[in-house]
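Asks: What follows is work19.pdb; its format and atoms are PDB, C-alpha atoms and all ligand atoms.
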ATOM      1  CA  MET K   1       0.000   0.000   0.000
ATOM      2  CA  TRP K   2       3.014   2.285   0.426
ATOM      3  CA  ARG K   3       3.074   2.529  -3.403
ATOM      4  CA  TYR K   4       0.717   5.488  -2.680
ATOM      5  CA  ARG K   5       3.294   7.159  -0.431
ATOM      6  CA  GLU K   6       2.673  10.663  -1.915
ATOM      7  CA  ALA K   7      -0.953  10.502  -0.779
ATOM      8  CA  ILE K   8      -0.102   9.537   2.806
ATOM      9  CA  PRO K   9       0.639  12.652   4.893
ATOM     10  CA  LEU K  10       3.757  11.608   6.811
ATOM     11  CA  ASP K  11       6.582  14.153   7.026
ATOM     12  CA  SER K  12       9.469  11.765   6.656
ATOM     13  CA  ASN K  13      10.155   8.294   5.281
ATOM     14  CA  SER K  14      12.523   7.238   8.016
ATOM     15  CA  PRO K  15      10.013   5.883  10.513
ATOM     16  CA  ILE K  16       7.733   3.941   8.132
ATOM     17  CA  VAL K  17       6.648   0.739   9.844
ATOM     18  CA  SER K  18       5.569  -1.700   7.166
ATOM     19  CA  PHE K  19       5.380  -5.412   6.433
ATOM     20  CA  ALA K  20       5.054  -4.762   2.655
ATOM     21  CA  GLU K  21       1.312  -5.146   3.236
ATOM     22  CA  GLY K  22      -1.537  -4.336   0.859
ATOM     23  CA  PHE K  23      -2.432  -4.628  -2.802
ATOM     24  CA  THR K  24      -4.678  -7.548  -1.890
ATOM     25  CA  PRO K  25      -6.243  -9.483  -4.782
ATOM     26  CA  LEU K  26      -9.611  -8.293  -6.103
ATOM     27  CA  LEU K  27     -11.344 -11.560  -6.978
ATOM     28  CA  PRO K  28     -14.733 -12.282  -8.538
ATOM     29  CA  VAL K  29     -16.991 -14.259  -6.200
ATOM     30  CA  GLU K  30     -20.529 -15.326  -7.059
ATOM     31  CA  ILE K  31     -23.091 -14.190  -4.519
ATOM     32  CA  ALA K  32     -26.818 -14.799  -5.086
ATOM     33  CA  GLY K  33     -26.133 -15.520  -8.734
ATOM     34  CA  ARG K  34     -24.279 -12.247  -9.259
ATOM     35  CA  GLN K  35     -20.571 -11.577  -9.730
ATOM     36  CA  VAL K  36     -19.119  -9.375  -7.006
ATOM     37  CA  LEU K  37     -15.471  -8.265  -6.836
ATOM     38  CA  ILE K  38     -14.091  -9.008  -3.406
ATOM     39  CA  LYS K  39     -10.858  -7.594  -1.974
ATOM     40  CA  GLN K  40      -9.072 -10.349  -0.074
ATOM     41  CA  GLU K  41      -8.392  -8.252   3.001
ATOM     42  CA  GLN K  42      -8.205 -11.358   5.187
ATOM     43  CA  LEU K  43      -4.746 -11.935   3.652
ATOM     44  CA  PHE K  44      -3.057  -9.091   5.554
ATOM     45  CA  PRO K  45      -0.140  -9.986   7.871
ATOM     46  CA  SER K  46      -2.309  -9.830  11.000
ATOM     47  CA  GLY K  47      -5.343 -11.302   9.224
ATOM     48  CA  SER K  48      -7.499  -8.208   8.686
ATOM     49  CA  TYR K  49      -7.517  -4.927   6.737
ATOM     50  CA  LYS K  50      -6.780  -3.102  10.025
ATOM     51  CA  ASP K  51      -3.092  -3.419   9.038
ATOM     52  CA  ARG K  52      -3.651  -0.614   6.509
ATOM     53  CA  GLY K  53      -4.529   1.803   9.289
ATOM     54  CA  ALA K  54      -2.042   0.452  11.812
ATOM     55  CA  SER K  55       0.897   0.784   9.401
ATOM     56  CA  VAL K  56       0.258   4.521   8.855
ATOM     57  CA  MET K  57      -0.816   5.328  12.418
ATOM     58  CA  ILE K  58       2.113   3.552  14.091
ATOM     59  CA  SER K  59       4.550   5.111  11.593
ATOM     60  CA  GLN K  60       3.244   8.541  12.612
ATOM     61  CA  ILE K  61       3.408   7.669  16.320
ATOM     62  CA  LYS K  62       6.993   6.472  15.934
ATOM     63  CA  GLN K  63       7.832   9.726  14.168
ATOM     64  CA  LEU K  64       6.435  11.633  17.153
ATOM     65  CA  GLY K  65       8.857   9.740  19.400
ATOM     66  CA  ILE K  66       6.096   8.070  21.422
ATOM     67  CA  THR K  67       7.255   4.889  23.164
ATOM     68  CA  LYS K  68       4.064   3.590  24.751
ATOM     69  CA  VAL K  69       0.434   3.486  23.590
ATOM     70  CA  VAL K  70      -2.958   2.164  24.655
ATOM     71  CA  GLU K  71      -5.725   1.003  22.310
ATOM     72  CA  ASP K  72      -9.173  -0.574  22.668
ATOM     73  CA  SER K  73     -10.670  -2.926  20.151
ATOM     74  CA  SER K  74     -13.070  -5.768  19.571
ATOM     75  CA  GLY K  75      -9.980  -7.737  18.536
ATOM     76  CA  ASN K  76      -8.645  -7.099  15.054
ATOM     77  CA  ALA K  77      -7.543  -3.484  15.467
ATOM     78  CA  GLY K  78      -5.854  -4.529  18.702
ATOM     79  CA  ALA K  79      -4.000  -7.318  16.899
ATOM     80  CA  ALA K  80      -2.923  -4.982  14.083
ATOM     81  CA  VAL K  81      -1.731  -2.250  16.476
ATOM     82  CA  ALA K  82       0.093  -4.870  18.574
ATOM     83  CA  ALA K  83       1.839  -6.242  15.463
ATOM     84  CA  TYR K  84       3.066  -2.856  14.208
ATOM     85  CA  CYS K  85       4.056  -1.757  17.714
ATOM     86  CA  ALA K  86       6.153  -4.919  18.010
ATOM     87  CA  ALA K  87       7.932  -4.003  14.763
ATOM     88  CA  ALA K  88       8.372  -0.375  15.874
ATOM     89  CA  GLY K  89       9.610  -1.222  19.360
ATOM     90  CA  ILE K  90       6.665   0.604  20.941
ATOM     91  CA  GLN K  91       5.128  -0.800  24.111
ATOM     92  CA  CYS K  92       1.402  -1.317  23.914
ATOM     93  CA  ASP K  93      -1.546  -2.137  26.131
ATOM     94  CA  ILE K  94      -4.654  -3.438  24.374
ATOM     95  CA  TYR K  95      -8.115  -3.294  25.985
ATOM     96  CA  VAL K  96     -10.726  -5.754  24.696
ATOM     97  CA  PRO K  97     -14.156  -6.986  25.779
ATOM     98  CA  GLU K  98     -13.800 -10.184  27.830
ATOM     99  CA  SER K  99     -16.008 -11.990  25.282
ATOM    100  CA  THR K 100     -13.605 -11.435  22.347
ATOM    101  CA  SER K 101     -12.667 -14.524  20.281
ATOM    102  CA  PRO K 102      -9.865 -16.411  22.108
ATOM    103  CA  SER K 103      -7.692 -16.629  18.989
ATOM    104  CA  LYS K 104      -7.676 -12.817  18.657
ATOM    105  CA  LEU K 105      -6.602 -12.552  22.311
ATOM    106  CA  ALA K 106      -3.812 -15.083  21.816
ATOM    107  CA  GLN K 107      -2.619 -13.201  18.742
ATOM    108  CA  ILE K 108      -2.456  -9.893  20.636
ATOM    109  CA  THR K 109      -0.394 -11.364  23.482
ATOM    110  CA  ARG K 110       1.918 -13.278  21.127
ATOM    111  CA  TYR K 111       2.912  -9.972  19.481
ATOM    112  CA  GLY K 112       4.073  -8.957  22.941
ATOM    113  CA  ALA K 113       1.293  -6.566  23.904
ATOM    114  CA  THR K 114      -0.216  -6.411  27.378
ATOM    115  CA  LEU K 115      -3.832  -7.529  27.218
ATOM    116  CA  HIS K 116      -6.609  -6.118  29.421
ATOM    117  CA  LYS K 117      -9.853  -8.118  29.280
ATOM    118  CA  ILE K 118     -12.758  -5.914  30.323
ATOM    119  CA  PRO K 119     -16.049  -7.427  31.547
ATOM    120  CA  GLY K 120     -19.263  -6.097  30.005
ATOM    121  CA  SER K 121     -19.961  -4.456  26.694
ATOM    122  CA  ARG K 122     -17.701  -2.951  24.019
ATOM    123  CA  GLU K 123     -18.618   0.439  25.523
ATOM    124  CA  ASP K 124     -17.281  -0.650  28.947
ATOM    125  CA  THR K 125     -13.974  -1.424  27.208
ATOM    126  CA  ALA K 126     -13.992   2.048  25.627
ATOM    127  CA  GLN K 127     -14.525   3.548  29.107
ATOM    128  CA  ALA K 128     -11.609   1.572  30.560
ATOM    129  CA  VAL K 129      -9.169   2.706  27.875
ATOM    130  CA  MET K 130     -10.190   6.341  28.380
ATOM    131  CA  THR K 131      -8.915   6.118  31.950
ATOM    132  CA  ALA K 132      -5.647   4.549  30.761
ATOM    133  CA  ALA K 133      -5.364   7.244  28.065
ATOM    134  CA  GLU K 134      -5.230   9.968  30.714
ATOM    135  CA  ASP K 135      -1.459   9.453  30.935
ATOM    136  CA  THR K 136      -0.572   7.309  27.902
ATOM    137  CA  TYR K 137      -0.895   8.035  24.171
ATOM    138  CA  TYR K 138      -4.228   6.724  22.859
ATOM    139  CA  ALA K 139      -3.515   4.975  19.530
ATOM    140  CA  SER K 140      -7.183   4.685  18.643
ATOM    141  CA  HIS K 141      -8.204   3.272  15.280
ATOM    142  CA  SER K 142     -11.549   5.055  15.564
ATOM    143  CA  TRP K 143     -10.298   8.515  16.591
ATOM    144  CA  ASN K 144      -6.850   8.809  15.030
ATOM    145  CA  PRO K 145      -7.072  10.377  11.533
ATOM    146  CA  PHE K 146      -3.829   8.696  10.444
ATOM    147  CA  PHE K 147      -5.569   5.333  10.685
ATOM    148  CA  PHE K 148      -7.992   6.519   7.984
ATOM    149  CA  HIS K 149      -5.086   7.716   5.829
ATOM    150  CA  GLY K 150      -4.120   4.044   5.856
ATOM    151  CA  THR K 151      -7.530   2.515   5.177
ATOM    152  CA  LYS K 152      -8.137   4.967   2.329
ATOM    153  CA  THR K 153      -5.595   2.988   0.279
ATOM    154  CA  PHE K 154      -8.361   0.368  -0.106
ATOM    155  CA  ALA K 155     -10.015   2.758  -2.596
ATOM    156  CA  PHE K 156      -6.743   3.496  -4.424
ATOM    157  CA  GLU K 157      -6.117  -0.226  -4.916
ATOM    158  CA  VAL K 158      -9.661  -0.938  -6.112
ATOM    159  CA  CYS K 159      -9.423   1.851  -8.698
ATOM    160  CA  GLU K 160      -5.967   0.817  -9.845
ATOM    161  CA  GLN K 161      -7.093  -2.819 -10.149
ATOM    162  CA  LEU K 162     -10.068  -1.704 -12.253
ATOM    163  CA  GLY K 163      -7.754   0.213 -14.614
ATOM    164  CA  TRP K 164      -8.227   3.518 -12.724
ATOM    165  CA  GLN K 165     -12.005   3.291 -12.913
ATOM    166  CA  ALA K 166     -14.344   3.577  -9.948
ATOM    167  CA  PRO K 167     -16.788   0.742  -9.274
ATOM    168  CA  ASP K 168     -20.506   1.631  -9.190
ATOM    169  CA  THR K 169     -21.255   0.280  -5.745
ATOM    170  CA  VAL K 170     -19.166  -0.490  -2.658
ATOM    171  CA  ILE K 171     -20.777  -2.707  -0.011
ATOM    172  CA  LEU K 172     -18.923  -2.903   3.329
ATOM    173  CA  PRO K 173     -19.531  -4.005   6.912
ATOM    174  CA  VAL K 174     -19.687  -1.003   9.229
ATOM    175  CA  GLY K 175     -19.408  -0.369  12.964
ATOM    176  CA  ASN K 176     -17.000   2.493  13.675
ATOM    177  CA  GLY K 177     -16.493   2.957   9.946
ATOM    178  CA  THR K 178     -12.723   2.522   9.773
ATOM    179  CA  LEU K 179     -12.973   0.779   6.398
ATOM    180  CA  LEU K 180     -16.104   2.482   5.068
ATOM    181  CA  LEU K 181     -14.949   6.024   5.887
ATOM    182  CA  GLY K 182     -11.389   5.267   4.816
ATOM    183  CA  ALA K 183     -12.635   4.013   1.446
ATOM    184  CA  TYR K 184     -14.885   7.066   1.135
ATOM    185  CA  ILE K 185     -11.935   9.389   1.812
ATOM    186  CA  GLY K 186      -9.823   7.475  -0.734
ATOM    187  CA  PHE K 187     -12.409   7.684  -3.517
ATOM    188  CA  SER K 188     -13.031  11.366  -2.689
ATOM    189  CA  GLU K 189      -9.307  12.134  -3.007
ATOM    190  CA  LEU K 190      -9.257  10.391  -6.410
ATOM    191  CA  VAL K 191     -12.196  12.557  -7.516
ATOM    192  CA  LYS K 192     -10.385  15.696  -6.297
ATOM    193  CA  SER K 193      -7.276  14.784  -8.245
ATOM    194  CA  GLY K 194      -9.334  14.191 -11.396
ATOM    195  CA  ILE K 195      -8.527  10.458 -11.653
ATOM    196  CA  ILE K 196     -12.176   9.339 -11.371
ATOM    197  CA  ASN K 197     -15.268  11.489 -11.771
ATOM    198  CA  ARG K 198     -17.484  10.325  -8.931
ATOM    199  CA  VAL K 199     -17.454   8.497  -5.635
ATOM    200  CA  PRO K 200     -19.242   5.124  -5.892
ATOM    201  CA  ARG K 201     -22.460   4.450  -4.019
ATOM    202  CA  PHE K 202     -21.699   3.208  -0.502
ATOM    203  CA  ILE K 203     -23.812   0.601   1.228
ATOM    204  CA  GLY K 204     -23.088  -0.099   4.888
ATOM    205  CA  VAL K 205     -24.034  -3.459   6.345
ATOM    206  CA  GLN K 206     -24.843  -3.802  10.053
ATOM    207  CA  ALA K 207     -25.938  -6.718  12.217
ATOM    208  CA  GLN K 208     -29.617  -6.451  13.112
ATOM    209  CA  ARG K 209     -28.669  -6.952  16.779
ATOM    210  CA  CYS K 210     -26.507  -3.802  16.755
ATOM    211  CA  ALA K 211     -27.563  -1.394  14.017
ATOM    212  CA  PRO K 212     -27.421   2.212  15.276
ATOM    213  CA  LEU K 213     -26.384   3.617  11.882
ATOM    214  CA  PHE K 214     -29.205   1.829  10.083
ATOM    215  CA  HIS K 215     -31.733   3.161  12.617
ATOM    216  CA  ALA K 216     -30.412   6.723  12.513
ATOM    217  CA  PHE K 217     -30.421   6.654   8.707
ATOM    218  CA  THR K 218     -33.924   5.248   8.308
ATOM    219  CA  THR K 219     -35.502   7.457  10.984
ATOM    220  CA  HIS K 220     -33.540  10.588   9.911
ATOM    221  CA  SER K 221     -32.408  10.891  13.500
ATOM    222  CA  ASP K 222     -29.335  12.763  14.742
ATOM    223  CA  THR K 223     -28.551  10.339  17.545
ATOM    224  CA  VAL K 224     -26.411   7.458  16.437
ATOM    225  CA  ALA K 225     -26.595   5.076  19.353
ATOM    226  CA  CYS K 226     -28.616   2.118  20.445
ATOM    227  CA  ALA K 227     -29.197   0.523  23.795
ATOM    228  CA  ALA K 228     -26.598  -2.173  24.353
ATOM    229  CA  THR K 229     -29.202  -4.687  25.372
ATOM    230  CA  GLY K 230     -30.294  -8.070  24.163
ATOM    231  CA  GLU K 231     -28.234 -10.852  22.703
ATOM    232  CA  LYS K 232     -24.811 -10.334  21.146
ATOM    233  CA  THR K 233     -24.275 -10.675  17.418
ATOM    234  CA  MET K 234     -21.707 -13.123  16.042
ATOM    235  CA  ALA K 235     -20.446 -10.179  13.934
ATOM    236  CA  GLU K 236     -18.281  -9.032  16.863
ATOM    237  CA  GLY K 237     -16.118  -6.766  14.698
ATOM    238  CA  ILE K 238     -19.010  -4.399  13.931
ATOM    239  CA  ALA K 239     -20.931  -4.592  17.216
ATOM    240  CA  ILE K 240     -20.530  -0.872  17.934
ATOM    241  CA  ALA K 241     -23.556   0.590  19.747
ATOM    242  CA  ALA K 242     -22.365   4.215  19.683
ATOM    243  CA  PRO K 243     -19.922   4.830  16.810
ATOM    244  CA  ILE K 244     -17.904   7.977  17.538
ATOM    245  CA  ARG K 245     -17.865   9.007  13.873
ATOM    246  CA  GLY K 246     -21.551   8.171  13.454
ATOM    247  CA  GLN K 247     -22.530  11.538  11.956
ATOM    248  CA  GLN K 248     -19.606  11.398   9.553
ATOM    249  CA  ILE K 249     -20.549   7.883   8.393
ATOM    250  CA  LEU K 250     -24.187   8.891   7.843
ATOM    251  CA  ALA K 251     -23.132  11.967   5.865
ATOM    252  CA  ALA K 252     -20.731   9.951   3.690
ATOM    253  CA  VAL K 253     -23.290   7.280   2.817
ATOM    254  CA  LYS K 254     -25.956   9.901   2.163
ATOM    255  CA  HIS K 255     -23.586  11.915  -0.044
ATOM    256  CA  THR K 256     -23.014   8.886  -2.285
ATOM    257  CA  GLY K 257     -26.733   8.135  -2.617
ATOM    258  CA  GLY K 258     -26.221   4.963  -0.615
ATOM    259  CA  GLU K 259     -28.030   3.221   2.204
ATOM    260  CA  PHE K 260     -27.697   0.816   5.124
ATOM    261  CA  ILE K 261     -28.781  -2.812   5.214
ATOM    262  CA  THR K 262     -29.195  -5.020   8.284
ATOM    263  CA  VAL K 263     -28.750  -8.775   8.437
ATOM    264  CA  ASN K 264     -29.865 -11.205  11.128
ATOM    265  CA  GLU K 265     -27.854 -13.993  12.755
ATOM    266  CA  MET K 266     -29.367 -16.731  10.541
ATOM    267  CA  GLU K 267     -28.405 -14.766   7.425
ATOM    268  CA  ILE K 268     -24.854 -14.176   8.698
ATOM    269  CA  LEU K 269     -24.430 -17.869   9.488
ATOM    270  CA  ALA K 270     -25.838 -18.933   6.107
ATOM    271  CA  SER K 271     -23.431 -16.604   4.259
ATOM    272  CA  LEU K 272     -20.507 -17.778   6.387
ATOM    273  CA  THR K 273     -21.262 -21.398   5.470
ATOM    274  CA  ALA K 274     -21.777 -20.498   1.811
ATOM    275  CA  MET K 275     -18.357 -18.805   1.695
ATOM    276  CA  PHE K 276     -16.671 -21.751   3.483
ATOM    277  CA  GLN K 277     -18.109 -24.048   0.824
ATOM    278  CA  LYS K 278     -16.407 -21.921  -1.829
ATOM    279  CA  GLY K 279     -13.098 -22.119   0.049
ATOM    280  CA  HIS K 280     -13.159 -18.641   1.567
ATOM    281  CA  TYR K 281     -12.347 -19.095   5.253
ATOM    282  CA  ILE K 282     -13.513 -15.763   6.657
ATOM    283  CA  GLU K 283     -14.738 -14.621  10.057
ATOM    284  CA  PRO K 284     -18.430 -14.092  10.902
ATOM    285  CA  THR K 285     -18.101 -10.280  10.805
ATOM    286  CA  SER K 286     -16.993 -10.567   7.169
ATOM    287  CA  ALA K 287     -19.916 -12.873   6.431
ATOM    288  CA  ALA K 288     -22.291 -10.129   7.588
ATOM    289  CA  ALA K 289     -21.207  -8.058   4.583
ATOM    290  CA  ILE K 290     -21.756 -11.026   2.270
ATOM    291  CA  ALA K 291     -25.243 -11.511   3.705
ATOM    292  CA  GLY K 292     -25.847  -7.818   3.004
ATOM    293  CA  ILE K 293     -24.759  -8.219  -0.612
ATOM    294  CA  LYS K 294     -27.096 -11.195  -0.979
ATOM    295  CA  LYS K 295     -29.990  -9.107   0.311
ATOM    296  CA  TYR K 296     -29.055  -6.200  -1.963
ATOM    297  CA  VAL K 297     -28.991  -8.438  -5.038
ATOM    298  CA  GLU K 298     -32.219 -10.251  -4.086
ATOM    299  CA  VAL K 299     -34.100  -6.958  -3.640
ATOM    300  CA  GLN K 300     -32.870  -5.785  -7.041
ATOM    301  CA  ARG K 301     -33.980  -9.072  -8.579
ATOM    302  CA  GLU K 302     -37.439  -8.788  -6.989
ATOM    303  CA  MET K 303     -37.855  -5.227  -8.219
ATOM    304  CA  GLY K 304     -36.492  -6.030 -11.671
ATOM    305  CA  THR K 305     -33.745  -3.421 -11.328
ATOM    306  CA  ILE K 306     -30.700  -5.678 -11.864
ATOM    307  CA  ASP K 307     -28.126  -3.958 -14.056
ATOM    308  CA  ALA K 308     -25.727  -6.599 -15.400
ATOM    309  CA  HIS K 309     -23.055  -3.903 -15.870
ATOM    310  CA  GLU K 310     -23.131  -2.655 -12.272
ATOM    311  CA  VAL K 311     -19.669  -3.195 -10.800
ATOM    312  CA  ILE K 312     -20.040  -4.148  -7.143
ATOM    313  CA  VAL K 313     -16.992  -4.230  -4.870
ATOM    314  CA  SER K 314     -16.776  -5.599  -1.340
ATOM    315  CA  ALA K 315     -14.184  -7.132   0.990
ATOM    316  CA  PHE K 316     -13.421 -10.199   3.026
ATOM    317  CA  THR K 317     -12.385  -8.086   6.007
ATOM    318  CA  GLY K 318     -10.987 -10.724   8.374
ATOM    319  CA  HIS K 319      -9.573 -14.251   8.335
ATOM    320  CA  GLY K 320     -11.666 -17.127   9.684
ATOM    321  CA  LEU K 321      -8.855 -18.507  11.844
ATOM    322  CA  LYS K 322      -9.311 -15.432  14.050
ATOM    323  CA  SER K 323     -12.631 -16.678  15.360
ATOM    324  CA  THR K 324     -12.419 -20.428  15.011
TER     325      THR K 324
HETATM  326  C1  LIG F 401     -12.904  -3.695  12.081
HETATM  327  C2  LIG F 401     -13.617  -4.680  11.258
HETATM  328  C3  LIG F 401     -14.701  -4.324  10.424
HETATM  329  C4  LIG F 401     -15.255  -2.930  10.310
HETATM  330  O1  LIG F 401     -15.438  -2.349  11.524
HETATM  331  P1  LIG F 401     -15.520  -0.781  11.773
HETATM  332  O2  LIG F 401     -15.975  -0.758  13.202
HETATM  333  O3  LIG F 401     -16.554  -0.230  10.851
HETATM  334  O4  LIG F 401     -14.209  -0.186  11.604
HETATM  335  C5  LIG F 401     -15.236  -5.311   9.634
HETATM  336  N1  LIG F 401     -14.789  -6.573   9.652
HETATM  337  C6  LIG F 401     -13.767  -6.956  10.434
HETATM  338  C7  LIG F 401     -13.319  -8.371  10.399
HETATM  339  C8  LIG F 401     -13.142  -6.021  11.254
HETATM  340  O5  LIG F 401     -12.111  -6.398  12.028
END
Reformat the file's structure so that it appears as structure tokens.

Replies:
Amino acid sequence: MWRYREAIPLDSNSPIVSFAEGFTPLLPVEIAGRQVLIKQEQLFPSGSYKDRGASVMISQIKQLGITKVVEDSSGNAGAAVAAYCAAAGIQCDIYVPESTSPSKLAQITRYGATLHKIPGSREDTAQAVMTAAEDTYYASHSWNPFFFHGTKTFAFEVCEQLGWQAPDTVILPVGNGTLLLGAYIGFSELVKSGIINRVPRFIGVQAQRCAPLFHAFTTHSDTVACAATGEKTMAEGIAIAAPIRGQQILAAVKHTGGEFITVNEMEILASLTAMFQKGHYIEPTSAAAIAGIKKYVEVQREMGTIDAHEVIVSAFTGHGLKST
């Protein structure tokens, strides 16, 4: 991804922390009888696209001379930050909900990070890290803008792989929006530099059990939060009840003429199994996006609005071994 170095706002090259990550394959996968182009983001060094953001953010933190950070995560961002901190020689403490997949926890500790398992919801974990961040640098994937300067390279790669054309539609799983907003920023920068002429339509997929963006969007409400009650979704990577960039995500999706789709647990499980049967070993959070694509295509089919030329792009965001 560092092939786009000029577009990444770091002052100097000396501290770049990289595992030569990125430029993941963009492969056609058939979903509900339709060809969709899927970025193989599960192939990153730490097993999720979060490496895009971590590489840029940790490079910037190293440049600032910071030697210790804290971060909170539902697992994958924590693993990515831990991996890049290990390479940079930066100490890190990762806060996760106690219920996080055991393999993600093992991965975080094996990179050498100190793990803090917090009882309760994802929001309780966010509270705990805020206290730790009172005296230690908070390397947050949701707050830190440099993380988004990493994830925006998703859009650059998609365009380059399509011969510097934008796709028509981008369908992504969304919680805090680190991939969706990053991709939106990337496509917007390509429009500004005259490489493409419009940002594709963005469709955000949320789990029905935790869908604050969907609810805010459909009720035209300003509050992007939902009560953290009821049963947990298996899409742990996007179970964000109160996304801090909620307004920004809503505005981005609206600006592209897009929408939000929710999927239930049965649909997530069915898509996960369907992808396994095609040889794509992804994690349940990634399957939520696939279930969303299936719904999107089925609605189009029902309404007779299928356009065979519509180029749809999505991602396998995380590797299945992370939640086995
Ligand atoms: C982080 C993540 C997402 C997207 O989550 P955001 O909260 O929107 O950043 C999707 N899938 C996986 C596997 C993830 O780790």

Asks: As a list in words, please: the residues near Glu157 of chain K (cut-off 10 Å, all atoms listed in the file, same-chain neighbours under 6 positions excluded).

Replies: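 In the requested format, the answer is Met1, Arg3, Tyr4, Gly22, Phe23, Thr24, Pro25, Leu26, Lys39, Gly163, Trp164 and Gly186 of chain K.
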
Asks: Could those residues be written to a file, using C-alpha atoms, as a short mmCIF file (atom, residue, chain, number, x, y, z; two decimals), keeping the file's coordinate frame?

Replies:
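Final file, again_33.cif:
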data_model
loop_
_atom_site.label_atom_id
_atom_site.label_comp_id
_atom_site.auth_asym_id
_atom_site.auth_seq_id
_atom_site.Cartn_x
_atom_site.Cartn_y
_atom_site.Cartn_z
CA MET K 1 0.00 0.00 0.00
CA ARG K 3 3.07 2.53 -3.40
CA TYR K 4 0.72 5.49 -2.68
CA GLY K 22 -1.54 -4.34 0.86
CA PHE K 23 -2.43 -4.63 -2.80
CA THR K 24 -4.68 -7.55 -1.89
CA PRO K 25 -6.24 -9.48 -4.78
CA LEU K 26 -9.61 -8.29 -6.10
CA LYS K 39 -10.86 -7.59 -1.97
CA GLY K 163 -7.75 0.21 -14.61
CA TRP K 164 -8.23 3.52 -12.72
CA GLY K 186 -9.82 7.48 -0.73
#

Asks: Would you mind listing what lies within 9 Å of segment 257-264 of chain K as JSON, numbers by chain, with all atoms listed in the file counted and same-chain residues fewer than 6 positions away left out?

Replies: {"K": [169, 200, 201, 202, 203, 204, 205, 206, 207, 208, 209, 210, 211, 213, 214, 215, 217, 218, 233, 250, 288, 289, 291, 292, 293, 295, 296]}

Asks: Counting all atoms listed in the file, give me one row per residue of chain K with an atom at most 8 Å from an atom of ligand LIG 401 (chain F), showing the shortest contact pair and its distance in Å to one decimal, sorted by chain then residue number, as a Markdown table.

Replies:
| residue | atom | partner | partner_atom | distance |
| --- | --- | --- | --- | --- |
| K:Gln42 | CA | F:LIG401 | C7 | 7.9 |
| K:Ser48 | CA | F:LIG401 | O5 | 6.0 |
| K:Tyr49 | CA | F:LIG401 | O5 | 7.2 |
| K:Lys50 | CA | F:LIG401 | C1 | 6.5 |
| K:Ser74 | CA | F:LIG401 | O5 | 7.6 |
| K:Gly75 | CA | F:LIG401 | O5 | 7.0 |
| K:Asn76 | CA | F:LIG401 | O5 | 4.7 |
| K:Ala77 | CA | F:LIG401 | C1 | 6.3 |
| K:His141 | CA | F:LIG401 | O4 | 7.8 |
| K:Ser142 | CA | F:LIG401 | O4 | 7.1 |
| K:Leu172 | CA | F:LIG401 | C5 | 7.7 |
| K:Pro173 | CA | F:LIG401 | C5 | 5.2 |
| K:Val174 | CA | F:LIG401 | O3 | 3.6 |
| K:Gly175 | CA | F:LIG401 | O2 | 3.5 |
| K:Asn176 | CA | F:LIG401 | O2 | 3.4 |
| K:Gly177 | CA | F:LIG401 | O3 | 3.3 |
| K:Thr178 | CA | F:LIG401 | O4 | 3.6 |
| K:Leu179 | CA | F:LIG401 | O4 | 5.4 |
| K:Leu180 | CA | F:LIG401 | O3 | 6.4 |
| K:Ala235 | CA | F:LIG401 | N1 | 8.0 |
| K:Gly237 | CA | F:LIG401 | C8 | 4.6 |
| K:Ile238 | CA | F:LIG401 | O1 | 4.8 |
| K:Ala239 | CA | F:LIG401 | O2 | 7.4 |
| K:Ile240 | CA | F:LIG401 | O2 | 6.6 |
| K:Pro243 | CA | F:LIG401 | O2 | 7.7 |
| K:Glu283 | CA | F:LIG401 | C7 | 6.4 |
| K:Pro284 | CA | F:LIG401 | C7 | 7.7 |
| K:Thr285 | CA | F:LIG401 | N1 | 5.1 |
| K:Ser286 | CA | F:LIG401 | N1 | 5.2 |
| K:Phe316 | CA | F:LIG401 | C7 | 7.6 |
| K:Thr317 | CA | F:LIG401 | C7 | 4.5 |
| K:Gly318 | CA | F:LIG401 | C7 | 3.9 |
| K:His319 | CA | F:LIG401 | C7 | 7.3 |

Asks: Given the selection you just returned, output its residues as a file containing C-alpha atoms, formatted as a compact mmCIF listing (two decimals), keeping the file's coordinate frame.

Replies:
# COMPACT_ATOMS: atom_id res chain seq x y z
CA GLN K 42 -8.20 -11.36 5.19
CA SER K 48 -7.50 -8.21 8.69
CA TYR K 49 -7.52 -4.93 6.74
CA LYS K 50 -6.78 -3.10 10.02
CA SER K 74 -13.07 -5.77 19.57
CA GLY K 75 -9.98 -7.74 18.54
CA ASN K 76 -8.64 -7.10 15.05
CA ALA K 77 -7.54 -3.48 15.47
CA HIS K 141 -8.20 3.27 15.28
CA SER K 142 -11.55 5.06 15.56
CA LEU K 172 -18.92 -2.90 3.33
CA PRO K 173 -19.53 -4.00 6.91
CA VAL K 174 -19.69 -1.00 9.23
CA GLY K 175 -19.41 -0.37 12.96
CA ASN K 176 -17.00 2.49 13.68
CA GLY K 177 -16.49 2.96 9.95
CA THR K 178 -12.72 2.52 9.77
CA LEU K 179 -12.97 0.78 6.40
CA LEU K 180 -16.10 2.48 5.07
CA ALA K 235 -20.45 -10.18 13.93
CA GLY K 237 -16.12 -6.77 14.70
CA ILE K 238 -19.01 -4.40 13.93
CA ALA K 239 -20.93 -4.59 17.22
CA ILE K 240 -20.53 -0.87 17.93
CA PRO K 243 -19.92 4.83 16.81
CA GLU K 283 -14.74 -14.62 10.06
CA PRO K 284 -18.43 -14.09 10.90
CA THR K 285 -18.10 -10.28 10.80
CA SER K 286 -16.99 -10.57 7.17
CA PHE K 316 -13.42 -10.20 3.03
CA THR K 317 -12.38 -8.09 6.01
CA GLY K 318 -10.99 -10.72 8.37
CA HIS K 319 -9.57 -14.25 8.34

Asks: K:Ser101, K:Thr153, K:Gln35, K:Ser12: which is nearest Ser59 of chain K, counting all atoms listed in the file?

Replies: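 Closest candidate: K:Ser12.
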